[in-house]
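J.: What follows is model_19.pdb; its format and atoms are PDB, C-alpha atoms.
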ATOM      1  CA  MET A   1      16.826  -7.283 -21.122
ATOM      2  CA  ILE A   2      16.132  -3.834 -19.670
ATOM      3  CA  LEU A   3      12.786  -3.745 -17.895
ATOM      4  CA  GLY A   4      12.888  -0.098 -16.868
ATOM      5  CA  TYR A   5      14.878   2.792 -15.503
ATOM      6  CA  ARG A   6      14.916   4.275 -12.024
ATOM      7  CA  VAL A   7      14.300   7.943 -11.385
ATOM      8  CA  VAL A   8      14.854   9.136  -7.827
ATOM      9  CA  THR A   9      12.608  11.996  -6.734
ATOM     10  CA  SER A  10      12.105  13.772  -3.429
ATOM     11  CA  PRO A  11       9.019  12.239  -1.780
ATOM     12  CA  GLU A  12       8.410  15.421   0.211
ATOM     13  CA  ARG A  13       8.488  17.622  -2.894
ATOM     14  CA  MET A  14       6.142  15.195  -4.644
ATOM     15  CA  GLY A  15       3.623  15.430  -1.781
ATOM     16  CA  ARG A  16       4.479  11.905  -0.610
ATOM     17  CA  GLY A  17       6.600  12.515   2.489
ATOM     18  CA  PHE A  18       4.762   9.906   4.583
ATOM     19  CA  ALA A  19       5.143   6.177   3.878
ATOM     20  CA  ALA A  20       3.716   3.090   5.531
ATOM     21  CA  TYR A  21       3.800  -0.629   4.923
ATOM     22  CA  VAL A  22       0.363  -2.042   5.548
ATOM     23  CA  MET A  23      -0.525  -5.668   6.188
ATOM     24  CA  VAL A  24      -4.101  -6.480   5.167
ATOM     25  CA  GLY A  25      -6.047  -9.593   6.126
ATOM     26  CA  LEU A  26      -9.189 -10.614   4.280
ATOM     27  CA  SER A  27     -12.159 -12.326   5.929
ATOM     28  CA  SER A  28     -12.866 -14.322   2.778
ATOM     29  CA  HIS A  29     -10.300 -16.083   0.635
ATOM     30  CA  THR A  30     -12.523 -16.388  -2.397
ATOM     31  CA  LYS A  31     -11.341 -15.407  -5.836
ATOM     32  CA  ALA A  32     -14.024 -12.696  -5.959
ATOM     33  CA  ALA A  33     -12.871 -11.167  -2.649
ATOM     34  CA  GLN A  34      -9.238 -11.112  -3.728
ATOM     35  CA  GLU A  35      -9.995  -9.701  -7.178
ATOM     36  CA  GLY A  36     -12.241  -7.015  -5.668
ATOM     37  CA  PHE A  37      -9.555  -5.961  -3.209
ATOM     38  CA  GLU A  38      -6.881  -5.924  -5.914
ATOM     39  CA  ARG A  39      -9.067  -3.774  -8.199
ATOM     40  CA  ALA A  40      -9.635  -1.278  -5.381
ATOM     41  CA  MET A  41      -5.908  -1.059  -4.628
ATOM     42  CA  ALA A  42      -5.049  -0.681  -8.331
ATOM     43  CA  ILE A  43      -7.056   2.554  -8.552
ATOM     44  CA  ALA A  44      -5.977   3.989  -5.168
ATOM     45  CA  PRO A  45      -3.256   6.566  -5.929
ATOM     46  CA  GLU A  46      -1.757   6.231  -2.440
ATOM     47  CA  VAL A  47      -0.944   2.544  -3.026
ATOM     48  CA  VAL A  48       2.399   2.355  -4.820
ATOM     49  CA  GLU A  49       2.923  -1.370  -4.214
ATOM     50  CA  CYS A  50       0.441  -4.193  -3.622
ATOM     51  CA  HIS A  51       1.741  -7.713  -3.026
ATOM     52  CA  ASN A  52      -0.288 -10.895  -2.469
ATOM     53  CA  ILE A  53       1.751 -12.743   0.159
ATOM     54  CA  ALA A  54       1.797 -16.005   2.097
ATOM     55  CA  GLY A  55       1.534 -15.956   5.868
ATOM     56  CA  ALA A  56      -0.764 -14.467   8.482
ATOM     57  CA  PHE A  57      -1.962 -11.713   6.117
ATOM     58  CA  GLU A  58      -3.007 -11.844   2.482
ATOM     59  CA  TYR A  59      -1.586  -8.516   1.256
ATOM     60  CA  LEU A  60       1.368  -6.212   1.868
ATOM     61  CA  LEU A  61       0.921  -2.629   0.649
ATOM     62  CA  ARG A  62       3.321   0.278   0.397
ATOM     63  CA  VAL A  63       1.246   3.408   0.895
ATOM     64  CA  GLU A  64       2.564   6.928   0.355
ATOM     65  CA  SER A  65       0.770  10.146   1.259
ATOM     66  CA  ALA A  66       1.514  13.724   2.220
ATOM     67  CA  ASP A  67       1.253  13.168   5.971
ATOM     68  CA  LEU A  68      -0.368  11.155   8.749
ATOM     69  CA  SER A  69      -3.770  12.812   8.364
ATOM     70  CA  GLU A  70      -3.851  11.885   4.659
ATOM     71  CA  TYR A  71      -2.888   8.326   5.558
ATOM     72  CA  LYS A  72      -5.717   8.233   8.118
ATOM     73  CA  ARG A  73      -8.131   9.320   5.377
ATOM     74  CA  PHE A  74      -6.873   6.483   3.131
ATOM     75  CA  HIS A  75      -7.130   4.016   6.036
ATOM     76  CA  THR A  76     -10.732   5.033   6.748
ATOM     77  CA  GLU A  77     -12.137   5.850   3.311
ATOM     78  CA  VAL A  78     -10.330   3.288   1.155
ATOM     79  CA  LEU A  79      -9.320   0.316   3.295
ATOM     80  CA  GLY A  80     -12.207   0.846   5.700
ATOM     81  CA  THR A  81     -14.794   0.557   2.932
ATOM     82  CA  GLN A  82     -13.584  -2.810   1.602
ATOM     83  CA  SER A  83     -16.141  -5.375   2.772
ATOM     84  CA  HIS A  84     -13.731  -8.330   3.023
ATOM     85  CA  VAL A  85     -10.970  -6.522   4.946
ATOM     86  CA  HIS A  86     -10.932  -7.809   8.522
ATOM     87  CA  ALA A  87      -7.439  -6.850   9.734
ATOM     88  CA  ILE A  88      -5.138  -3.902   9.043
ATOM     89  CA  THR A  89      -1.703  -3.453  10.601
ATOM     90  CA  SER A  90       0.297  -0.353   9.677
ATOM     91  CA  TYR A  91       4.070   0.003   9.931
ATOM     92  CA  ILE A  92       5.136   3.644   9.630
ATOM     93  CA  VAL A  93       8.433   4.277   7.826
ATOM     94  CA  MET A  94      10.653   6.436  10.031
ATOM     95  CA  GLY A  95      13.641   6.411   7.676
ATOM     96  CA  SER A  96      15.099   4.472   4.760
ATOM     97  CA  PRO A  97      18.861   3.985   5.045
ATOM     98  CA  LYS A  98      18.692   1.843   1.897
ATOM     99  CA  ASP A  99      16.034   2.112  -0.816
ATOM    100  CA  GLU A 100      16.956   0.802  -4.238
ATOM    101  CA  ARG A 101      13.490   0.019  -5.581
ATOM    102  CA  ALA A 102      13.360   0.229  -9.354
ATOM    103  CA  THR A 103      10.340   1.655 -11.097
TER     104      THR A 103
END
Could you write out this structure as structure tokens?

T.:
Amino acid sequence: MILGYRVVTSPERMGRGFAAYVMVGLSSHTKAAQEGFERAMAIAPEVVECHNIAGAFEYLLRVESADLSEYKRFHTEVLGTQSHVHAITSYIVMGSPKDERAT
């Protein structure tokens, strides 16, 4: 069964030349806290992937923006306004020798 097709675009030409993987820890593990966070990430255009994971953090995000200053705005104005977020660790993508994500 075909679930989709992959189109490869230039992130820079699409205004998304900066990418980061972001680990997010929540202070509350309630259903309401998780659902609230997931709703906020679903409407944030910078968030292209949001995964609920097991381990030291609750969520792994892939965030794409034009540049570092736009990422800082997202970090402050989107993640920084979520009441249950207590830890944020950002990993900046410096290059992607292999990227075969399907859309």

J.: For CA of Phe57 in chain A and CA of Glu38 in chain A, determine how far apart the two atoms are, in Å to one decimal place.

T.: 14.2 Å

J.: Could you list, as a PDB file with C-alpha atoms, in the frame of the given file, every residue within 8 Å of Thr89 in chain A, counting all atoms listed in the file and ignoring same-chain residues fewer than 5 positions away?

T.:
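Output file result.pdb follows:
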ATOM      1  CA  VAL A  22       0.363  -2.042   5.548  1.00  0.00           C
ATOM      2  CA  MET A  23      -0.525  -5.668   6.188  1.00  0.00           C
ATOM      3  CA  VAL A  24      -4.101  -6.480   5.167  1.00  0.00           C
TER       4      VAL A  24
END

J.: Apply the PyMOL selection byres ((chain A and resi 40) around 12) to the displayed file and report the matching residues as a list in words.

T.: Ala33, Gln34, Glu35, Gly36, Phe37, Glu38, Arg39, Met41, Ala42, Ile43, Ala44, Pro45, Glu46, Val47, Cys50, Phe74, Glu77, Val78, Leu79, Gly80, Thr81, Gln82, Ser83, His84 and Val85 of chain A

J.: What is the distance between CA of Phe18 in chain A and CA of Gly55 in chain A, in Å to one decimal?

T.: 26.1 Å

J.: Using all atoms listed in the file, list the residues that have an atom at most 7 Å from (2.2, 3.2, 2.2), coordinates as in the file, as an MDAnalysis selection string.

T.: chainID A and resid 19:22 46:47 61:64

J.: Can I get the selection written as an mmCIF file, keeping the file's coordinate frame, with C-alpha atoms?

T.:
data_model
loop_
_atom_site.group_PDB
_atom_site.id
_atom_site.type_symbol
_atom_site.label_atom_id
_atom_site.label_comp_id
_atom_site.auth_asym_id
_atom_site.auth_seq_id
_atom_site.Cartn_x
_atom_site.Cartn_y
_atom_site.Cartn_z
ATOM 1 C CA ALA A 19 5.143 6.177 3.878
ATOM 2 C CA ALA A 20 3.716 3.090 5.531
ATOM 3 C CA TYR A 21 3.800 -0.629 4.923
ATOM 4 C CA VAL A 22 0.363 -2.042 5.548
ATOM 5 C CA GLU A 46 -1.757 6.231 -2.440
ATOM 6 C CA VAL A 47 -0.944 2.544 -3.026
ATOM 7 C CA LEU A 61 0.921 -2.629 0.649
ATOM 8 C CA ARG A 62 3.321 0.278 0.397
ATOM 9 C CA VAL A 63 1.246 3.408 0.895
ATOM 10 C CA GLU A 64 2.564 6.928 0.355
#

J.: Between A:Arg16, A:Lys31, A:Lys72, A:Arg101, which is the closest to Glu49 in chain A once you count all atoms listed in the file?

T.: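 Of the candidates, the smallest distance to Glu49 in chain A is held by A:Arg101.
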
J.: Dump C-alpha atoms of range 16-28 of chain A from the given block, as a PDB file, in the first residue's frame.

T.:
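The file below, part09.pdb, is the result:
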ATOM      1  CA  ARG A  16      13.750  26.738   6.112  1.00  0.00           C
ATOM      2  CA  GLY A  17      17.551  26.655   5.958  1.00  0.00           C
ATOM      3  CA  PHE A  18      17.957  26.169   9.722  1.00  0.00           C
ATOM      4  CA  ALA A  19      16.992  22.887  11.408  1.00  0.00           C
ATOM      5  CA  ALA A  20      17.167  21.689  14.990  1.00  0.00           C
ATOM      6  CA  TYR A  21      16.132  18.610  16.903  1.00  0.00           C
ATOM      7  CA  VAL A  22      14.654  19.669  20.204  1.00  0.00           C
ATOM      8  CA  MET A  23      14.176  17.510  23.280  1.00  0.00           C
ATOM      9  CA  VAL A  24      11.334  18.752  25.487  1.00  0.00           C
ATOM     10  CA  GLY A  25      10.653  17.685  29.064  1.00  0.00           C
ATOM     11  CA  LEU A  26       7.312  18.327  30.722  1.00  0.00           C
ATOM     12  CA  SER A  27       6.891  19.105  34.421  1.00  0.00           C
ATOM     13  CA  SER A  28       3.571  17.268  34.517  1.00  0.00           C
TER      14      SER A  28
END
